[in-house]
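Reproduced below: protein_2.cif, with mmCIF, C-alpha atoms.
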data_protein
loop_
_atom_site.label_atom_id
_atom_site.label_comp_id
_atom_site.auth_asym_id
_atom_site.auth_seq_id
_atom_site.Cartn_x
_atom_site.Cartn_y
_atom_site.Cartn_z
CA MET A 118 19.14 16.91 41.44
CA ASN A 119 17.46 14.43 39.09
CA GLU A 120 14.00 15.75 39.94
CA LYS A 121 15.06 19.34 39.31
CA ARG A 122 16.48 18.50 35.90
CA ILE A 123 13.38 16.48 34.98
CA ASN A 124 11.21 19.50 35.81
CA GLU A 125 13.44 21.68 33.65
CA ILE A 126 13.04 19.24 30.75
CA LYS A 127 9.26 19.20 31.14
CA ALA A 128 9.20 22.99 31.22
CA ARG A 129 11.25 23.16 28.03
CA LYS A 130 8.89 20.71 26.32
CA ALA A 131 5.97 22.92 27.30
CA GLU A 132 7.76 25.90 25.76
CA ILE A 133 8.33 23.97 22.53
CA ARG A 134 4.71 22.89 22.39
CA ALA A 135 3.55 26.50 22.83
CA LEU A 136 5.98 27.54 20.10
CA LEU A 137 4.62 24.93 17.69
CA ASP A 138 1.05 25.89 18.50
CA ASP A 139 1.75 29.51 17.51
CA THR A 140 1.23 29.36 13.74
CA GLU A 141 2.44 32.93 13.29
CA LYS A 142 5.98 32.04 14.28
CA THR A 143 8.46 30.40 11.96
CA VAL A 144 10.24 27.42 13.46
CA ASN A 145 12.99 25.08 12.32
CA LEU A 146 11.32 21.68 12.69
CA GLU A 147 14.54 19.78 12.11
CA GLU A 148 16.25 21.54 15.02
CA ILE A 149 13.18 21.10 17.24
CA ASN A 150 13.04 17.37 16.48
CA ALA A 151 16.73 17.00 17.31
CA GLU A 152 16.30 18.91 20.58
CA LEU A 153 13.27 16.80 21.54
CA ASP A 154 15.24 13.65 20.80
CA ASN A 155 17.92 14.74 23.25
CA LEU A 156 15.41 15.87 25.88
CA ASN A 157 13.47 12.60 25.72
CA GLN A 158 16.63 10.53 25.96
CA GLU A 159 17.92 12.51 28.93
CA GLN A 160 14.56 12.38 30.72
CA ASN A 161 14.26 8.61 30.23
CA GLN A 162 17.75 8.08 31.64
CA LEU A 163 17.08 10.31 34.67
CA GLU A 164 13.76 8.61 35.42
CA GLU A 165 15.35 5.17 35.13
CA ARG A 166 18.16 6.16 37.50
CA ALA A 167 15.63 7.53 39.99
CA LYS A 168 13.63 4.32 39.77
CA ILE A 169 16.70 2.19 40.47
CA ALA A 170 17.65 4.45 43.38
CA ARG A 171 14.20 4.03 44.93
CA SER A 172 14.42 0.26 44.60
CA LEU A 173 17.75 0.30 46.46
CA GLU A 174 16.15 2.28 49.30
CA THR A 175 13.26 -0.19 49.67
CA GLY A 176 15.37 -3.27 49.04
CA GLU A 177 13.03 -4.43 46.26
CA ASP A 178 14.25 -5.49 42.85
CA THR A 179 13.05 -3.42 39.94
CA PRO A 180 10.89 -5.69 37.76
CA ASP A 181 11.24 -5.75 34.03
CA LYS A 182 8.75 -3.53 32.26
CA VAL A 183 5.50 -5.38 31.64
CA GLU A 184 3.87 -4.27 28.41
CA GLN A 185 0.10 -4.22 28.75
CA ALA A 186 -2.69 -3.23 26.43
CA PRO A 187 -3.22 0.50 26.98
CA GLY A 188 -5.74 1.18 29.73
CA THR A 189 -5.65 -2.43 30.90
CA ASP A 190 -4.44 -3.27 34.40
CA VAL A 191 -6.91 -5.97 35.35
CA GLU A 192 -5.57 -9.09 37.00
CA ASP A 193 -6.58 -12.52 35.77
CA GLU A 194 -8.12 -15.29 37.91
CA GLY A 195 -4.69 -16.36 39.12
CA GLY A 196 -4.00 -12.91 40.50
CA GLU A 197 -1.19 -12.19 38.03
CA VAL A 198 -1.15 -9.28 35.65
CA MET A 199 -1.50 -10.48 32.07
CA ASN A 200 1.59 -9.68 30.06
CA LYS A 201 0.87 -8.28 26.62
CA GLU A 202 3.52 -10.57 25.17
CA GLU A 203 1.47 -13.58 26.32
CA LYS A 204 -1.53 -12.55 24.27
CA LYS A 205 -1.84 -14.08 20.83
CA SER A 206 -0.57 -11.67 18.20
CA THR A 207 0.91 -12.04 14.74
CA MET A 208 2.75 -8.73 14.99
CA SER A 209 6.43 -8.71 15.83
CA LYS A 210 7.87 -6.80 18.78
CA GLU A 211 9.27 -4.18 16.40
CA VAL A 212 5.89 -3.58 14.73
CA ARG A 213 4.11 -3.29 18.08
CA SER A 214 6.80 -0.89 19.24
CA PHE A 215 6.30 1.32 16.20
CA LEU A 216 2.52 1.28 16.60
CA ASN A 217 3.02 2.27 20.24
CA TYR A 218 5.12 5.15 18.97
CA MET A 219 2.36 6.30 16.65
CA MET A 220 -0.30 5.93 19.36
CA SER A 221 1.72 8.20 21.61
CA GLY A 222 1.79 10.89 18.94
CA GLY A 223 5.55 10.53 18.67
CA ARG A 224 6.30 11.26 22.33
CA GLU A 225 8.21 8.03 22.97
CA THR A 226 10.78 8.43 20.22
CA ARG A 227 10.78 11.59 18.20
CA GLY A 228 10.20 11.09 14.51
CA VAL A 229 10.36 13.63 11.75
CA THR A 230 7.13 15.52 11.11
CA LEU A 231 4.88 15.79 8.11
CA GLU A 232 6.87 18.72 6.74
CA ASN A 233 10.21 17.05 6.28
CA GLY A 234 9.80 13.31 5.86
CA GLN A 235 8.64 10.02 7.30
CA ALA A 236 9.11 8.30 10.61
CA VAL A 237 11.21 5.17 10.41
CA VAL A 238 8.94 2.20 9.73
CA PRO A 239 9.99 -1.37 10.55
CA GLU A 240 10.19 -3.65 7.52
CA GLU A 241 7.50 -5.84 9.04
CA LEU A 242 5.05 -2.93 8.98
CA ASP A 243 5.93 -2.16 5.35
CA ASN A 244 4.98 -5.72 4.55
CA GLU A 245 1.77 -5.46 6.57
CA ILE A 246 0.71 -2.39 4.61
CA ILE A 247 1.33 -4.11 1.27
CA THR A 248 -0.48 -7.20 2.57
CA GLU A 249 -3.47 -5.06 3.55
CA MET A 250 -3.44 -3.49 0.07
CA ARG A 251 -3.49 -6.92 -1.54
CA GLU A 252 -6.40 -7.94 0.70
CA VAL A 253 -8.64 -5.10 -0.47
CA SER A 254 -7.69 -5.04 -4.16
CA ASP A 255 -7.68 -8.03 -6.52
CA VAL A 256 -5.86 -5.83 -9.03
CA MET A 257 -2.91 -5.62 -6.63
CA ASN A 258 -2.66 -9.42 -6.80
CA PHE A 259 -3.16 -9.47 -10.58
CA ILE A 260 -0.14 -7.29 -11.38
CA ASP A 261 3.54 -7.79 -10.50
CA ILE A 262 4.59 -5.56 -7.60
CA LYS A 263 8.26 -4.69 -7.27
CA ASN A 264 10.07 -2.87 -4.48
CA VAL A 265 13.29 -1.59 -6.07
CA LYS A 266 14.62 1.55 -4.43
CA GLY A 267 15.90 4.41 -6.54
CA ASN A 268 15.61 4.56 -10.32
CA LEU A 269 14.51 1.40 -12.09
CA ARG A 270 15.31 1.14 -15.80
CA VAL A 271 14.45 -2.02 -17.71
CA GLY A 272 14.07 -3.13 -21.31
CA THR A 273 10.68 -4.09 -22.68
CA LEU A 274 10.36 -7.43 -24.41
CA SER A 275 8.55 -8.26 -27.61
CA ALA A 276 7.86 -11.86 -28.56
CA ILE A 277 11.24 -13.59 -28.75
CA GLY A 278 11.58 -16.02 -31.63
CA ALA A 279 14.18 -18.70 -32.26
CA ASN A 280 16.17 -18.87 -35.49
CA LYS A 281 16.75 -21.74 -37.90
CA ASP A 282 20.38 -21.52 -38.97
CA LYS A 283 23.53 -23.52 -39.49
CA ASP A 284 26.14 -24.18 -36.86
CA GLY A 285 28.77 -21.50 -37.12
CA ASP A 286 26.45 -18.85 -38.57
CA ALA A 287 26.02 -15.56 -36.74
CA ILE A 288 23.00 -15.56 -34.45
CA THR A 289 20.64 -12.75 -35.34
CA GLU A 290 18.19 -10.95 -33.09
CA ASN A 291 14.61 -12.13 -33.37
CA GLY A 292 12.57 -10.09 -30.95
CA GLY A 293 13.77 -9.29 -27.49
CA THR A 294 14.70 -5.92 -26.06
CA THR A 295 13.03 -3.19 -28.13
CA ALA A 296 13.01 -0.19 -25.82
CA GLU A 297 13.85 0.93 -22.32
CA ILE A 298 11.39 1.91 -19.60
CA THR A 299 12.28 4.18 -16.72
CA PHE A 300 10.05 3.85 -13.69
CA GLY A 301 9.35 7.21 -12.11
CA SER A 302 8.49 8.25 -8.58
CA ASN A 303 4.84 9.30 -8.50
CA ARG A 304 3.51 10.15 -5.06
CA ILE A 305 0.33 8.62 -3.68
CA SER A 306 -0.82 9.92 -0.32
CA ALA A 307 -3.64 9.57 2.18
CA LYS A 308 -4.32 11.22 5.53
CA ILE A 309 -6.60 10.54 8.48
CA GLU A 310 -7.20 12.63 11.59
CA LEU A 311 -8.00 10.91 14.88
CA GLY A 312 -8.65 12.22 18.36
CA VAL A 313 -5.93 11.81 20.95
CA GLY A 314 -8.34 9.62 22.92
CA LEU A 315 -7.56 6.80 20.52
CA SER A 316 -4.35 6.31 22.49
CA ALA A 317 -6.49 4.50 25.06
CA GLU A 318 -7.46 1.86 22.52
CA SER A 319 -5.62 -1.40 22.09
CA ILE A 320 -2.73 -1.80 19.69
CA GLU A 321 -4.71 -4.21 17.49
CA ALA A 322 -7.69 -1.84 17.30
CA PHE A 323 -5.39 1.03 16.39
CA LYS A 324 -3.75 -1.05 13.67
CA ASP A 325 -7.11 -2.09 12.25
CA ILE A 326 -8.35 1.49 12.11
CA VAL A 327 -5.30 3.34 10.88
CA VAL A 328 -3.20 0.87 8.91
CA SER A 329 -6.19 -0.77 7.21
CA GLU A 330 -7.91 2.48 6.28
CA LEU A 331 -4.78 4.14 4.97
CA ALA A 332 -3.79 0.98 3.11
CA LEU A 333 -7.28 0.88 1.55
CA ALA A 334 -6.96 4.49 0.39
CA LEU A 335 -3.56 3.82 -1.19
CA ALA A 336 -4.71 0.58 -2.82
CA LEU A 337 -7.76 2.18 -4.42
CA GLU A 338 -5.77 5.06 -5.87
CA ILE A 339 -3.05 2.75 -7.19
CA GLU A 340 -5.74 0.48 -8.67
CA ASN A 341 -7.27 3.47 -10.44
CA GLN A 342 -3.90 4.39 -11.91
CA VAL A 343 -3.14 0.81 -12.96
CA MET A 344 -6.49 0.73 -14.77
CA ASN A 345 -6.74 4.27 -16.20
CA GLY A 346 -3.44 6.11 -15.65
CA THR A 347 -2.15 8.35 -18.41
CA GLY A 348 1.54 7.66 -17.77
CA SER A 349 2.03 11.39 -17.15
CA ASP A 350 0.94 14.06 -14.65
CA ASN A 351 2.13 11.97 -11.67
CA GLU A 352 0.24 8.87 -12.82
CA ALA A 353 1.31 5.36 -13.70
CA GLU A 354 0.60 3.94 -17.14
CA GLY A 355 -2.85 2.32 -17.26
CA LEU A 356 -3.69 -1.10 -18.63
CA PHE A 357 -6.79 0.23 -20.39
CA THR A 358 -5.13 3.34 -21.81
CA LYS A 359 -2.24 1.46 -23.45
CA ASP A 360 -2.41 1.00 -27.23
CA TYR A 361 -2.25 -2.72 -28.07
CA GLY A 362 -2.45 -2.22 -31.83
CA THR A 363 -4.29 -5.04 -33.59
CA GLN A 364 -4.84 -6.91 -30.34
CA LYS A 365 -8.34 -5.52 -30.11
CA VAL A 366 -11.94 -6.63 -30.60
CA THR A 367 -14.66 -4.06 -31.29
CA VAL A 368 -18.39 -4.45 -30.67
CA ALA A 369 -20.64 -1.61 -31.81
CA GLU A 370 -23.43 -2.02 -29.24
CA ALA A 371 -23.61 -3.65 -25.83
CA ALA A 372 -26.73 -5.53 -26.92
CA ASN A 373 -24.66 -7.29 -29.60
CA LEU A 374 -21.96 -8.52 -27.21
CA LYS A 375 -21.73 -12.32 -27.46
CA HIS A 376 -19.60 -14.95 -25.84
CA GLN A 377 -17.84 -15.43 -29.19
CA ASN A 378 -16.42 -11.90 -28.84
CA LEU A 379 -14.91 -12.82 -25.47
CA ALA A 380 -13.51 -16.04 -26.92
CA GLU A 381 -12.02 -14.10 -29.84
CA LEU A 382 -10.31 -11.78 -27.35
CA LYS A 383 -8.54 -14.78 -25.81
CA GLY A 384 -6.87 -15.49 -29.13
CA LYS A 385 -5.37 -12.02 -29.45
CA ILE A 386 -2.43 -12.59 -27.06
CA ARG A 387 0.46 -15.03 -27.07
CA ARG A 388 -0.67 -18.51 -26.10
CA ALA A 389 2.10 -18.78 -23.51
CA TYR A 390 0.55 -15.78 -21.74
CA GLY A 391 -3.02 -16.94 -22.39
CA LYS A 392 -2.60 -20.02 -20.23
CA ARG A 393 -2.18 -17.77 -17.17
CA ALA A 394 -4.30 -14.82 -18.26
CA SER A 395 -7.42 -13.31 -16.69
CA TYR A 396 -10.29 -11.07 -17.71
CA VAL A 397 -10.47 -7.62 -16.11
CA ILE A 398 -13.98 -6.16 -16.16
CA ASN A 399 -15.79 -3.19 -14.62
CA THR A 400 -18.15 -4.22 -11.81
CA GLU A 401 -21.29 -2.81 -13.43
CA THR A 402 -20.38 -4.17 -16.86
CA PHE A 403 -19.79 -7.61 -15.39
CA HIS A 404 -23.14 -7.82 -13.62
CA ASN A 405 -25.16 -6.23 -16.46
CA LEU A 406 -23.60 -7.92 -19.49
CA ILE A 407 -21.39 -10.85 -18.55
CA GLU A 408 -22.72 -12.65 -15.50
CA GLY A 409 -25.93 -13.87 -17.16
CA MET A 410 -24.48 -14.48 -20.65
CA VAL A 411 -24.95 -17.98 -22.05
CA GLY A 412 -23.15 -19.93 -24.73
CA GLU A 413 -24.56 -21.77 -27.74
CA ASP A 414 -25.42 -24.70 -25.49
CA GLY A 415 -27.57 -22.45 -23.29
CA HIS A 416 -25.29 -22.75 -20.28
CA PRO A 417 -23.82 -19.69 -18.50
CA ILE A 418 -20.31 -18.84 -19.66
CA TYR A 419 -19.48 -17.57 -16.16
CA ASN A 420 -18.97 -20.21 -13.49
CA ASP A 421 -19.95 -18.71 -10.15
CA ALA A 422 -18.43 -21.56 -8.13
CA SER A 423 -14.94 -21.20 -9.61
CA GLU A 424 -15.34 -17.49 -10.46
CA THR A 425 -14.14 -18.11 -14.00
CA LEU A 426 -15.30 -16.78 -17.36
CA LEU A 427 -14.77 -19.16 -20.29
CA LYS A 428 -12.51 -21.09 -17.88
CA LYS A 429 -10.37 -18.01 -17.13
CA PRO A 430 -10.24 -16.06 -13.83
CA VAL A 431 -12.09 -12.75 -13.63
CA ILE A 432 -10.77 -9.61 -11.94
CA ILE A 433 -13.68 -7.28 -11.16
CA SER A 434 -12.80 -3.64 -10.56
CA ASP A 435 -15.00 -0.66 -9.71
CA VAL A 436 -12.60 1.69 -11.49
CA ALA A 437 -12.11 -0.26 -14.73
CA PRO A 438 -13.80 1.57 -17.65
CA LYS A 439 -17.35 0.46 -18.44
CA GLY A 440 -16.83 0.27 -22.19
CA LYS A 441 -13.76 -1.97 -22.21
CA ILE A 442 -12.86 -5.53 -21.22
CA LEU A 443 -9.21 -6.52 -20.82
CA PHE A 444 -7.75 -9.97 -21.24
CA GLY A 445 -4.15 -10.54 -20.31
CA TYR A 446 -1.39 -11.88 -18.11
CA GLY A 447 -1.13 -9.35 -15.29
CA LYS A 448 2.44 -10.23 -14.29
CA ARG A 449 3.61 -8.49 -17.46
CA TYR A 450 2.49 -5.24 -15.88
CA TRP A 451 4.98 -4.04 -13.27
CA TYR A 452 4.28 -1.60 -10.50
CA ASN A 453 7.43 -0.58 -8.65
CA PHE A 454 7.46 1.02 -5.20
CA ASN A 455 10.77 2.85 -5.17
CA MET A 456 9.87 3.66 -1.59
CA ALA A 457 7.71 1.16 0.25
CA PRO A 458 4.40 2.49 1.62
CA GLN A 459 5.08 4.46 4.79
CA ILE A 460 2.87 5.58 7.67
CA ALA A 461 3.84 8.43 9.98
CA SER A 462 2.01 10.65 12.46
CA SER A 463 2.17 14.16 13.88
CA GLU A 464 0.57 15.70 16.93
CA HIS A 465 1.60 19.21 15.88
CA GLU A 466 -0.41 19.84 12.72
CA LYS A 467 -3.74 20.02 14.58
CA PHE A 468 -2.57 20.17 18.19
CA SER A 469 -5.05 22.92 19.12
CA GLN A 470 -7.93 20.74 17.90
CA GLY A 471 -6.87 17.73 19.95
CA LEU A 472 -6.14 15.64 16.87
CA ILE A 473 -3.25 13.43 15.85
CA VAL A 474 -2.76 13.39 12.09
CA HIS A 475 -1.67 10.13 10.50
CA ARG A 476 -0.67 9.98 6.87
CA ALA A 477 0.44 7.37 4.39
CA LEU A 478 2.79 7.90 1.49
CA ALA A 479 3.87 5.71 -1.37
CA PHE A 480 6.15 6.53 -4.26
CA GLY A 481 5.93 4.36 -7.34
CA ASP A 482 5.19 3.93 -11.03
CA GLY A 483 3.69 1.28 -13.27
CA HIS A 484 4.21 0.20 -16.89
CA VAL A 485 3.11 -2.49 -19.33
CA MET A 486 6.23 -4.59 -19.90
CA ASP A 487 5.03 -6.50 -22.97
CA THR A 488 2.05 -5.44 -25.09
CA LYS A 489 1.81 -9.01 -26.43
CA ALA A 490 0.49 -10.04 -23.03
CA PHE A 491 -2.73 -8.01 -23.27
CA ALA A 492 -5.72 -7.44 -25.55
CA VAL A 493 -8.79 -5.26 -25.13
CA LEU A 494 -12.43 -5.48 -26.19
CA GLU A 495 -14.19 -2.16 -26.78
CA ILE A 496 -17.97 -1.68 -26.71
CA THR A 497 -18.42 1.45 -28.78
CA ASP A 498 -21.78 2.72 -27.50
CA LEU A 499 -20.59 2.46 -23.89
CA LEU A 500 -17.52 4.56 -24.73
CA THR A 501 -19.66 7.44 -25.97
CA PRO A 502 -19.80 10.21 -23.30
#

When written as structure tokens, how does the structure in this file appear?
Amino acid sequence: MNEKRINEIKARKAEIRALLDDTEKTVNLEEINAELDNLNQEQNQLEERAKIARSLETGEDTPDKVEQAPGTDVEDEGGEVMNKEEKKSTMSKEVRSFLNYMMSGGRETRGVTLENGQAVVPEELDNEIITEMREVSDVMNFIDIKNVKGNLRVGTLSAIGANKDKDGDAITENGGTTAEITFGSNRISAKIELGVGLSAESIEAFKDIVVSELALALALEIENQVMNGTGSDNEAEGLFTKDYGTQKVTVAEAANLKHQNLAELKGKIRRAYGKRASYVINTETFHNLIEGMVGEDGHPIYNDASETLLKKPVIISDVAPKGKILFGYGKRYWYNFNMAPQIASSEHEKFSQGLIVHRALAFGDGHVMDTKAFAVLEITDLLTP
């Protein structure tokens, strides 16, 4: 009876797969996902019951499931099969389970498809994605990353000053909240297509390929927005596009850029911020103009050993504008993920091509929280198109 029902389930799955492969037919993916959930659960229960029944016939106990690296069934020198759990790994059981789910193309536990949402991602994997993003982008470490779900509305702060008054007098406002910022929900996405043969690779290899590459794609796009975003058209507000008023130094020609200009820039922001501030410079601008610059004493102003410029850290970015140099305290720029970066996969989108599609999504927005924390140096001739 069990075997008959299992065959019926497999036949129904084949029908669903054929239905999904027919692009001319309209299907309700939500209903199909729900049906596949039920079919998979029923099949797993029937197979487990059959397995227990067979063990009772032979008199052998059913061993616990031994998780092995896919495609690996080699015994070690002691003659025992190596348990995957015994191998050194920093990933939790939940993360490995989810990666197994993705490697199977969603066959183990049905997740929603690309059309109507994300698969459920363990919190540990969320953190791994953000960690990967920080690894590949210094800008991601420079700014303050938040993870507040839903709408985030905060007040911006100007320089707060104390008052000199008499005891009993009314306390008047001197700086403080001047406006309110609402963080939006801009979508950043990336997609990668991999052959189904990747399922034979190890979990770690799969993680390195998919999670790292998708995290890199997200990090680079977010970095570009943090540097150059317009604050509109689904972009965050950019550090270099913000107007800082008088907190600016202008140099007409790149040939006239001196270390005094960079020192002057340091004095344009509040000293409390300046103690923890960094320079942000385009990669080409740094190597062409800054790296070999010397001070009045003839010594380089950039210390290669400590990676500091005029004793301040340097953030080098490929996407920072060539004609501008920023100096500021990055933690006064907030980037909020109102949905943590997610990775999901689908075997349906390109089933006929033998590909599993994996995609990453992030929803977030970024804003300068205090303009007093930043100043910019502009090199006019480099700004000319």

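Within 10 Å of the point (-7.5, 2.8, -10.9) in file coordinates, and counting all atoms listed in the file, lie the residues Val256, Ala336, Leu337, Glu338, Ile339, Glu340, Asn341, Gln342, Val343, Met344, Asn345, Gly346, Ala353, Gly355, Leu356, Phe357, Ser434, Asp435, Val436, Ala437 and Pro438 of chain A.
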
**Asked** So which residues touch A:Phe444 within 6 Å, counting all atoms listed in the file, skipping near sequence neighbours fewer than 3 positions away, as a PyMOL selection string?
**Response** chain A and resi 395-396+491-492

Stretch 480-490 of chain A surroundings by only C-alpha atoms, 6 Å radius, close-in-sequence under 2 positions cut, as a PDB file with C-alpha atoms, in the frame of the given file:
ATOM      1  CA  THR A 273      10.680  -4.090 -22.680  1.00  0.00           C
ATOM      2  CA  LEU A 274      10.360  -7.430 -24.410  1.00  0.00           C
ATOM      3  CA  PHE A 300      10.050   3.850 -13.690  1.00  0.00           C
ATOM      4  CA  GLY A 301       9.350   7.210 -12.110  1.00  0.00           C
ATOM      5  CA  SER A 302       8.490   8.250  -8.580  1.00  0.00           C
ATOM      6  CA  ASN A 303       4.840   9.300  -8.500  1.00  0.00           C
ATOM      7  CA  ARG A 304       3.510  10.150  -5.060  1.00  0.00           C
ATOM      8  CA  ALA A 353       1.310   5.360 -13.700  1.00  0.00           C
ATOM      9  CA  GLU A 354       0.600   3.940 -17.140  1.00  0.00           C
ATOM     10  CA  TYR A 361      -2.250  -2.720 -28.070  1.00  0.00           C
ATOM     11  CA  ILE A 386      -2.430 -12.590 -27.060  1.00  0.00           C
ATOM     12  CA  TYR A 390       0.550 -15.780 -21.740  1.00  0.00           C
ATOM     13  CA  GLY A 445      -4.150 -10.540 -20.310  1.00  0.00           C
ATOM     14  CA  TYR A 446      -1.390 -11.880 -18.110  1.00  0.00           C
ATOM     15  CA  ARG A 449       3.610  -8.490 -17.460  1.00  0.00           C
ATOM     16  CA  TYR A 450       2.490  -5.240 -15.880  1.00  0.00           C
ATOM     17  CA  TRP A 451       4.980  -4.040 -13.270  1.00  0.00           C
ATOM     18  CA  TYR A 452       4.280  -1.600 -10.500  1.00  0.00           C
ATOM     19  CA  ASN A 453       7.430  -0.580  -8.650  1.00  0.00           C
ATOM     20  CA  PHE A 454       7.460   1.020  -5.200  1.00  0.00           C
ATOM     21  CA  ASN A 455      10.770   2.850  -5.170  1.00  0.00           C
ATOM     22  CA  MET A 456       9.870   3.660  -1.590  1.00  0.00           C
TER      23      MET A 456
END

**Message:** Need to verify the contact set: A:Lys130, 10 Å, all atoms listed in the file, exclusion of same-chain residues closer than 4 positions in sequence. Can you return it as a PyMOL selection string?
**Reply:** chain A and resi 124-126+134-136+152-153+156-157

**Message:** Here is a test: counting all atoms listed in the file, which residue of A:Thr425, A:Asn399, A:Thr363, A:Gln158 is nearest to A:Gly384?
**Reply:**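 Closest residue, counting all atoms listed in the file: A:Thr363.
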
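Rounded to one decimal, atom CA of A:Thr402 and atom CA of A:Leu382 lie 16.4 Å from each other.
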
A:Glu252 surroundings by only C-alpha atoms, 12 Å radius, close-in-sequence under 3 positions cut, as a PDB file with C-alpha atoms, keeping the file's coordinate frame:
ATOM      1  CA  GLU A 245       1.770  -5.460   6.570  1.00  0.00           C
ATOM      2  CA  ILE A 246       0.710  -2.390   4.610  1.00  0.00           C
ATOM      3  CA  ILE A 247       1.330  -4.110   1.270  1.00  0.00           C
ATOM      4  CA  THR A 248      -0.480  -7.200   2.570  1.00  0.00           C
ATOM      5  CA  GLU A 249      -3.470  -5.060   3.550  1.00  0.00           C
ATOM      6  CA  ASP A 255      -7.680  -8.030  -6.520  1.00  0.00           C
ATOM      7  CA  VAL A 256      -5.860  -5.830  -9.030  1.00  0.00           C
ATOM      8  CA  MET A 257      -2.910  -5.620  -6.630  1.00  0.00           C
ATOM      9  CA  ASN A 258      -2.660  -9.420  -6.800  1.00  0.00           C
ATOM     10  CA  PHE A 259      -3.160  -9.470 -10.580  1.00  0.00           C
ATOM     11  CA  SER A 329      -6.190  -0.770   7.210  1.00  0.00           C
ATOM     12  CA  GLU A 330      -7.910   2.480   6.280  1.00  0.00           C
ATOM     13  CA  ALA A 332      -3.790   0.980   3.110  1.00  0.00           C
ATOM     14  CA  LEU A 333      -7.280   0.880   1.550  1.00  0.00           C
ATOM     15  CA  ALA A 336      -4.710   0.580  -2.820  1.00  0.00           C
ATOM     16  CA  LEU A 337      -7.760   2.180  -4.420  1.00  0.00           C
TER      17      LEU A 337
END

Within 6 Å of file point (-22.5, -14.9, -25.3), counting all atoms listed in the file, expressed as an mmCIF file with C-alpha atoms, in the frame of the given file:
data_model
loop_
_atom_site.group_PDB
_atom_site.id
_atom_site.type_symbol
_atom_site.label_atom_id
_atom_site.label_comp_id
_atom_site.auth_asym_id
_atom_site.auth_seq_id
_atom_site.Cartn_x
_atom_site.Cartn_y
_atom_site.Cartn_z
ATOM 1 C CA LYS A 375 -21.730 -12.320 -27.460
ATOM 2 C CA HIS A 376 -19.600 -14.950 -25.840
ATOM 3 C CA MET A 410 -24.480 -14.480 -20.650
ATOM 4 C CA VAL A 411 -24.950 -17.980 -22.050
ATOM 5 C CA GLY A 412 -23.150 -19.930 -24.730
#

**Asked** In Å, how far is it from atom CA of A:Glu164 to atom CA of A:Phe468?
**Response**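 Atom-to-atom, atom CA of A:Glu164 and atom CA of A:Phe468 are spaced 26.4 Å apart.
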
9 Å contact set for A:Asn291, all atoms listed in the file, chain neighbours under 4 positions out, as an mmCIF file with C-alpha atoms, in the frame of the given file:
data_model
loop_
_atom_site.group_PDB
_atom_site.id
_atom_site.type_symbol
_atom_site.label_atom_id
_atom_site.label_comp_id
_atom_site.auth_asym_id
_atom_site.auth_seq_id
_atom_site.Cartn_x
_atom_site.Cartn_y
_atom_site.Cartn_z
ATOM 1 C CA ALA A 276 7.860 -11.860 -28.560
ATOM 2 C CA ILE A 277 11.240 -13.590 -28.750
ATOM 3 C CA GLY A 278 11.580 -16.020 -31.630
ATOM 4 C CA ALA A 279 14.180 -18.700 -32.260
ATOM 5 C CA ASN A 280 16.170 -18.870 -35.490
#

Could you give me the centre and size, in Å to one decimal, of an axis-aligned box around all listed atoms of stretch 326-343 of chain A with 5 Å added on every side, as JSON?
{"center_x": -5.7, "center_y": 2.1, "center_z": -0.4, "size_x": 15.3, "size_y": 15.8, "size_z": 35.1}

**Asked** Using the chain letters and numbers from the file, which residues does the PyMOL selection byres ((chain A and resi 261) around 6) grab, as a list in words?
**Response**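 Applied to this file, the PyMOL selection byres ((chain A and resi 261) around 6) returns Ile260, Ile262, Lys448 and Trp451 of chain A.
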
**Prompt:** When you draw a straight line from atom CA of A:Val327 to atom CA of A:His465, how long is it in Å?
**Reply:**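 The value is 18.0 Å.
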
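In this comparison, which uses only C-alpha atoms, the residue of A:Lys127, A:Arg171, A:Lys266, A:His404 approaching A:Lys439 most closely is A:His404.
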
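Shortest separation to A:Lys168 among A:Ser469, A:Thr299, A:Asn119, A:Ser349 occurs at residue A:Asn119, atoms counted being all atoms listed in the file.
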
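Remark: for A:Glu310, the closest of the candidate residues A:Glu159, A:Asp498, A:Glu381, A:Glu466 is A:Glu466 (distances computed over all atoms listed in the file).
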
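With only C-alpha atoms as the atoms that count, the minimum distance from A:Leu269 to the choices A:Gln162, A:Ile288, A:Glu297, A:Ser254 is reached by A:Glu297.
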
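Minimum distance to A:Leu499 across A:Ser172, A:Thr367, A:Thr347, A:Thr358 (counting only C-alpha atoms) occurs at A:Thr367.
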